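Enquirer: Next comes the structure file query-v8.txt, holding compact mmCIF, C-alpha atoms and all ligand atoms.
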```
# COMPACT_ATOMS: atom_id res chain seq x y z
CA MET A 18 0.00 0.00 0.00
CA ALA A 19 1.03 3.61 -0.38
CA THR A 20 -0.02 7.11 0.52
CA VAL A 21 -0.43 9.68 -2.27
CA GLU A 22 0.19 13.34 -1.55
CA LEU A 23 -0.67 16.12 -3.94
CA GLU A 24 0.68 19.51 -2.98
CA ASN A 25 -0.57 22.63 -4.74
CA ILE A 26 -0.73 20.96 -8.14
CA LYS A 27 -1.05 23.33 -11.08
CA LYS A 28 -1.26 22.60 -14.79
CA ARG A 29 -0.86 24.96 -17.68
CA PHE A 30 -1.33 24.13 -21.34
CA GLY A 31 0.52 26.99 -23.01
CA LYS A 32 -0.75 30.11 -21.27
CA THR A 33 -4.00 28.56 -20.11
CA GLU A 34 -4.01 27.30 -16.54
CA VAL A 35 -6.46 24.40 -16.20
CA LEU A 36 -5.59 23.27 -12.64
CA HIS A 37 -5.21 26.07 -10.12
CA GLY A 38 -3.52 24.38 -7.17
CA VAL A 39 -4.99 21.09 -5.94
CA SER A 40 -3.83 19.58 -2.64
CA ILE A 41 -4.83 16.37 -0.87
CA ASP A 42 -3.20 13.79 1.39
CA ILE A 43 -4.51 10.34 0.53
CA GLN A 44 -4.15 7.55 3.09
CA ASP A 45 -2.94 4.01 2.57
CA GLY A 46 -5.78 1.93 1.16
CA GLU A 47 -8.14 4.87 0.73
CA PHE A 48 -10.57 5.05 -2.22
CA ILE A 49 -10.70 8.65 -3.45
CA VAL A 50 -13.16 9.74 -6.12
CA ILE A 51 -12.46 12.86 -8.17
CA VAL A 52 -15.85 14.07 -9.34
CA GLY A 53 -16.92 17.06 -11.41
CA PRO A 54 -18.36 18.10 -14.76
CA SER A 55 -16.70 17.55 -18.11
CA GLY A 56 -13.66 19.77 -18.67
CA CYS A 57 -13.01 20.59 -14.99
CA GLY A 58 -9.57 18.94 -15.05
CA LYS A 59 -10.17 15.46 -13.61
CA SER A 60 -8.31 13.50 -16.28
CA THR A 61 -5.46 15.99 -16.35
CA LEU A 62 -4.96 15.63 -12.60
CA LEU A 63 -5.03 11.83 -12.80
CA ARG A 64 -2.65 11.80 -15.75
CA MET A 65 -0.21 13.93 -13.75
CA VAL A 66 -0.27 11.35 -10.94
CA ALA A 67 0.29 8.65 -13.57
CA GLY A 68 3.21 10.51 -15.12
CA LEU A 69 1.48 10.91 -18.49
CA GLU A 70 1.32 14.69 -18.15
CA SER A 71 4.05 17.01 -16.88
CA ILE A 72 3.55 19.02 -13.69
CA SER A 73 3.63 22.81 -14.13
CA GLU A 74 3.84 23.50 -10.40
CA GLY A 75 3.55 21.59 -7.17
CA GLU A 76 4.65 18.22 -5.92
CA ILE A 77 3.37 14.65 -6.09
CA ARG A 78 4.56 12.03 -3.61
CA ILE A 79 3.71 8.34 -3.75
CA GLY A 80 4.73 6.59 -0.57
CA GLU A 81 7.77 8.52 0.59
CA ALA A 82 9.01 9.29 -2.90
CA ARG A 83 8.69 12.52 -4.84
CA VAL A 84 7.70 11.31 -8.29
CA ASN A 85 7.41 14.55 -10.32
CA GLU A 86 10.10 13.53 -12.78
CA ARG A 87 9.64 9.77 -12.70
CA GLU A 88 8.53 7.71 -15.67
CA PRO A 89 5.06 6.10 -15.39
CA MET A 90 6.65 2.64 -15.11
CA ASP A 91 8.62 3.72 -12.02
CA ARG A 92 5.72 5.17 -10.03
CA ASP A 93 4.17 2.10 -8.37
CA ILE A 94 0.86 2.90 -10.12
CA ALA A 95 -1.33 1.33 -12.78
CA MET A 96 -4.10 3.02 -14.72
CA VAL A 97 -7.45 1.74 -16.02
CA PHE A 98 -8.87 3.85 -18.84
CA GLN A 99 -12.36 4.56 -20.12
CA ASN A 100 -11.78 2.97 -23.51
CA TYR A 101 -9.98 -0.14 -22.39
CA ALA A 102 -7.66 -0.07 -25.39
CA LEU A 103 -7.38 -3.86 -25.51
CA TYR A 104 -5.42 -5.27 -28.43
CA PRO A 105 -8.06 -6.88 -30.68
CA HIS A 106 -5.70 -9.45 -32.22
CA MET A 107 -4.39 -10.69 -28.86
CA SER A 108 -6.01 -13.18 -26.50
CA VAL A 109 -7.07 -12.17 -23.00
CA ARG A 110 -3.93 -13.82 -21.63
CA GLN A 111 -1.71 -11.91 -24.06
CA ASN A 112 -3.51 -8.64 -23.36
CA MET A 113 -3.04 -9.05 -19.63
CA GLY A 114 0.59 -10.08 -19.87
CA TYR A 115 1.75 -7.73 -22.60
CA GLY A 116 3.04 -4.95 -20.34
CA LEU A 117 5.04 -7.43 -18.29
CA LYS A 118 6.49 -8.99 -21.42
CA ILE A 119 7.62 -5.58 -22.63
CA ALA A 120 9.19 -4.99 -19.23
CA GLY A 121 11.23 -8.17 -19.72
CA MET A 122 9.60 -10.37 -17.08
CA SER A 123 10.09 -14.14 -17.33
CA LYS A 124 7.39 -16.22 -19.01
CA SER A 125 6.75 -18.28 -15.89
CA GLU A 126 6.29 -15.20 -13.69
CA ILE A 127 3.96 -13.63 -16.28
CA LYS A 128 1.92 -16.83 -16.37
CA ARG A 129 1.73 -16.94 -12.57
CA ARG A 130 0.55 -13.35 -12.34
CA VAL A 131 -1.96 -13.58 -15.20
CA ASP A 132 -3.45 -16.82 -13.82
CA GLU A 133 -3.78 -15.28 -10.38
CA ALA A 134 -5.40 -12.08 -11.68
CA ALA A 135 -7.73 -14.07 -13.94
CA LYS A 136 -8.90 -16.10 -10.97
CA LEU A 137 -9.56 -12.93 -8.96
CA LEU A 138 -11.53 -11.47 -11.89
CA GLN A 139 -13.37 -14.66 -12.82
CA LEU A 140 -11.69 -14.71 -16.20
CA SER A 141 -9.92 -18.05 -15.91
CA ASP A 142 -12.18 -19.69 -18.50
CA TYR A 143 -11.74 -16.83 -20.97
CA LEU A 144 -7.96 -16.50 -21.17
CA GLU A 145 -7.68 -17.81 -24.72
CA ARG A 146 -10.52 -15.69 -26.13
CA LYS A 147 -10.15 -12.50 -28.10
CA PRO A 148 -11.65 -9.25 -26.74
CA ARG A 149 -14.46 -9.30 -29.34
CA GLU A 150 -15.63 -12.63 -27.89
CA LEU A 151 -16.23 -11.07 -24.48
CA SER A 152 -19.06 -9.09 -22.92
CA GLY A 153 -18.57 -5.43 -22.00
CA GLY A 154 -18.16 -6.31 -18.35
CA GLN A 155 -15.57 -8.98 -19.13
CA ARG A 156 -13.59 -6.57 -21.30
CA GLN A 157 -13.63 -4.12 -18.44
CA ARG A 158 -12.24 -6.82 -16.16
CA VAL A 159 -9.46 -7.62 -18.63
CA ALA A 160 -8.48 -3.96 -18.48
CA MET A 161 -8.35 -4.25 -14.70
CA GLY A 162 -6.39 -7.47 -14.97
CA ARG A 163 -3.79 -5.68 -17.02
CA ALA A 164 -3.36 -3.24 -14.13
CA ILE A 165 -3.44 -5.92 -11.41
CA VAL A 166 -0.63 -8.02 -12.90
CA ARG A 167 1.74 -5.13 -12.43
CA GLU A 168 1.09 -5.40 -8.68
CA PRO A 169 1.07 -1.65 -8.07
CA SER A 170 0.29 0.02 -4.73
CA VAL A 171 -1.90 2.66 -6.36
CA PHE A 172 -4.70 2.17 -8.90
CA LEU A 173 -5.84 5.06 -11.10
CA PHE A 174 -9.22 4.84 -12.84
CA ASP A 175 -10.43 7.32 -15.47
CA GLU A 176 -14.20 6.87 -15.98
CA PRO A 177 -13.78 3.10 -16.34
CA LEU A 178 -17.51 2.38 -16.44
CA SER A 179 -18.79 5.02 -18.84
CA ASN A 180 -19.03 2.60 -21.79
CA LEU A 181 -21.20 0.12 -19.89
CA ASP A 182 -24.97 0.01 -19.63
CA ALA A 183 -26.63 1.25 -16.45
CA LYS A 184 -27.23 -2.12 -14.82
CA LEU A 185 -23.70 -3.37 -15.38
CA ARG A 186 -22.33 -0.06 -14.17
CA VAL A 187 -24.01 -0.49 -10.81
CA GLN A 188 -22.66 -4.04 -10.50
CA MET A 189 -19.13 -3.02 -11.48
CA ARG A 190 -19.03 -0.26 -8.85
CA VAL A 191 -19.38 -2.94 -6.21
CA GLU A 192 -16.90 -5.26 -7.92
CA ILE A 193 -14.24 -2.58 -8.18
CA ARG A 194 -14.55 -1.68 -4.50
CA GLU A 195 -14.41 -5.34 -3.45
CA LEU A 196 -11.34 -5.87 -5.58
CA GLN A 197 -9.65 -2.74 -4.24
CA ARG A 198 -10.25 -3.85 -0.64
CA LYS A 199 -9.07 -7.37 -1.38
CA LEU A 200 -5.85 -6.12 -2.96
CA GLY A 201 -5.41 -3.50 -0.24
CA VAL A 202 -4.43 -0.84 -2.76
CA THR A 203 -4.93 2.92 -2.69
CA ALA A 204 -7.24 4.19 -5.47
CA LEU A 205 -7.92 7.43 -7.29
CA TYR A 206 -11.09 7.15 -9.33
CA VAL A 207 -12.34 9.80 -11.77
CA THR A 208 -16.00 10.15 -12.72
CA HIS A 209 -18.49 12.82 -13.76
CA ASP A 210 -21.28 10.74 -12.17
CA GLN A 211 -22.37 12.01 -8.75
CA VAL A 212 -24.09 8.75 -7.80
CA GLU A 213 -20.99 6.75 -8.66
CA ALA A 214 -18.93 9.10 -6.49
CA MET A 215 -21.38 8.96 -3.59
CA THR A 216 -21.59 5.17 -3.58
CA MET A 217 -17.91 4.36 -4.13
CA ALA A 218 -15.85 7.00 -2.34
CA ASP A 219 -14.21 6.90 1.06
CA ARG A 220 -13.62 10.59 0.39
CA MET A 221 -14.38 12.61 -2.71
CA ILE A 222 -12.78 15.64 -4.33
CA VAL A 223 -15.47 17.86 -5.85
CA MET A 224 -13.81 19.65 -8.76
CA ASN A 225 -15.02 22.66 -10.68
CA GLY A 226 -13.07 24.73 -13.17
CA GLY A 227 -9.67 23.38 -12.12
CA VAL A 228 -10.32 23.91 -8.40
CA ALA A 229 -10.94 21.30 -5.70
CA GLU A 230 -13.96 23.00 -4.18
CA GLN A 231 -14.47 20.45 -1.42
CA ILE A 232 -12.79 17.31 -0.11
CA GLY A 233 -14.71 15.10 2.26
CA THR A 234 -16.70 11.94 2.80
CA PRO A 235 -19.85 11.58 0.71
CA LEU A 236 -21.92 12.26 3.82
CA GLU A 237 -19.98 15.43 4.67
CA VAL A 238 -20.32 16.78 1.16
CA TYR A 239 -23.98 15.85 0.97
CA GLU A 240 -24.92 17.32 4.34
CA ARG A 241 -22.54 20.26 4.46
CA PRO A 242 -21.56 21.40 0.96
CA VAL A 243 -19.15 24.33 1.30
CA THR A 244 -19.81 26.00 -2.06
CA ILE A 245 -22.90 26.66 -4.12
CA PHE A 246 -21.41 24.47 -6.83
CA ALA A 247 -20.89 21.54 -4.44
CA ALA A 248 -24.44 21.97 -3.17
CA GLN A 249 -25.92 21.95 -6.64
CA PHE A 250 -23.71 19.20 -7.98
CA ILE A 251 -23.77 16.86 -5.00
CA GLY A 252 -25.28 18.29 -1.89
CA SER A 253 -28.74 18.14 -0.42
CA PRO A 254 -31.23 20.59 -1.90
CA SER A 255 -31.91 22.35 1.44
P1 LIG B 301 -12.14 16.33 -17.53
O1 LIG B 301 -11.39 15.04 -17.49
O2 LIG B 301 -12.58 16.79 -16.18
O3 LIG B 301 -13.28 16.30 -18.50
P2 LIG B 301 -9.69 17.37 -18.69
O4 LIG B 301 -8.68 17.16 -17.63
O5 LIG B 301 -9.71 16.42 -19.81
O6 LIG B 301 -11.14 17.48 -18.03
O7 LIG B 301 -9.50 18.83 -19.29
C1 LIG B 301 -9.38 19.98 -18.48
C2 LIG B 301 -9.13 21.18 -19.36
O8 LIG B 301 -7.84 21.09 -19.93
C3 LIG B 301 -10.12 21.33 -20.50
O9 LIG B 301 -10.40 22.68 -20.69
C4 LIG B 301 -9.35 20.75 -21.67
O10 LIG B 301 -9.77 21.33 -22.88
C5 LIG B 301 -7.92 21.16 -21.35
N1 LIG B 301 -6.93 20.22 -21.90
C6 LIG B 301 -6.81 18.90 -21.61
N2 LIG B 301 -5.78 18.35 -22.26
C7 LIG B 301 -5.23 19.34 -23.00
C8 LIG B 301 -4.12 19.41 -23.92
N3 LIG B 301 -3.34 18.34 -24.17
N4 LIG B 301 -3.84 20.61 -24.48
C9 LIG B 301 -4.60 21.70 -24.22
N5 LIG B 301 -5.64 21.70 -23.37
C10 LIG B 301 -5.96 20.56 -22.77
MG MG B 302 -11.79 13.20 -18.46
```
For this file, write the structure as structure tokens.
Expert:
Amino acid sequence: MATVELENIKKRFGKTEVLHGVSIDIQDGEFIVIVGPSGCGKSTLLRMVAGLESISEGEIRIGEARVNEREPMDRDIAMVFQNYALYPHMSVRQNMGYGLKIAGMSKSEIKRRVDEAAKLLQLSDYLERKPRELSGGQRQRVAMGRAIVREPSVFLFDEPLSNLDAKLRVQMRVEIRELQRKLGVTALYVTHDQVEAMTMADRMIVMNGGVAEQIGTPLEVYERPVTIFAAQFIGSPS
């Protein structure tokens, strides 16, 4: 497990600042949901934690380590994206093991990790199938399997359920939380869906226009929204 600390994180694209200084200390094993409307900077913030986007100002620490300049592979994180980006010509097993193969891991260790992740995700019977032969939910689990096999301390999710139908989405919320608890990992989860945030988060970051307007448990934000935006977006209508 690992803590994640964001300290006054700012992001500029050219002259336009899109994140205006976001700070949060995330505990070991905590499930944090970053929630807010489209364009508020959720993905950019997550991508900065992942190392896919440079940091204009501020500091990111994972565990004890300052990671600002570290490559994504060296950050003890794995990311699950909205469009799972599975390789269509590869089997489930190959998709899940590909990153490890690239990293030069031995075949036997890759097999061990993929088999273990497949078991956890109930994909053991599907390892030789191609992505097109799977349901939406199974594809989503393959994407998670690809992250799990790396055995990171921190999981990053960017709207992983937005391509699924409503019923499956509700089911996957529960599955993701169960998996996260079982693995004992810290998670940062991005969504624009208030209900998803309310039902999944230990604490949530309510973002608006590049600002973290409120950080708190779902109950705190619901009962005591600190800005008009938080009240309208999440909070009770009182
Ligand atoms: P969200 O994920 O909350 O929908 P994003 O983080 O994708 O928001 O985007 C936040 C803002 O940053 C938006 O105004 C978006 O247009 C801008 N932005 C994102 N990526 C880039 C980029 N590579 N170059 C310029 N602007 C960008
Ligand atoms: Mg986004």
Enquirer: Give the residues close to ligand LIG 301 (chain B), within 12 Å, counting all atoms listed in the file; write them as a ChimeraX atom specification.
Expert: /A:27-37,51-65,69-71,98-99,174-176,206-210,222-229
Enquirer: Tell me, in Å to one decimal, how far CA of Val159 (chain A) is from CA of Ala214 (chain A).
Expert: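 About the pair CA of Val159 (chain A) and CA of Ala214 (chain A): they are 22.7 Å apart.
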Enquirer: Check the smallest atom-to-atom distance from each of A:Gln197, A:Ser152, A:Gln188, A:Thr20 to Glu213 (chain A) using only C-alpha atoms, then report the winner.
Expert: A:Gln188
Enquirer: Quick one: pull the distance between CA of Val238 (chain A) and CA of Gly252 (chain A), Å, one decimal.
Expert: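 CA of Gly252 (chain A) lies 6.0 Å from CA of Val238 (chain A).
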Enquirer: So the first atom is CA of Glu168 (chain A) and the second is CA of Asp142 (chain A); what is the distance between them in Å, to one decimal place?
Expert: 21.8 Å
Enquirer: Quick one: residues within 12 Å of (-2.8, -3.8, -8.4) (file frame), counting only C-alpha atoms, please, as a PyMOL selection string.
Expert: chain A and resi 18-19+46+93-97+130-131+133-134+137+160-174+193+196-204
Enquirer: What's around Arg146 (chain A) at 10 Å? Count all atoms listed in the file, leave out sequence neighbours fewer than 5 positions away in its own chain, and write the answer as an NGL selection string.
Expert: :A and (106-111 or 151)
Enquirer: Go through A:Ile119, A:Ala67, A:Val243, A:Leu103 and flag the residue nearest Asp91 (chain A), using all atoms listed in the file for the distances.
Expert: A:Ala67
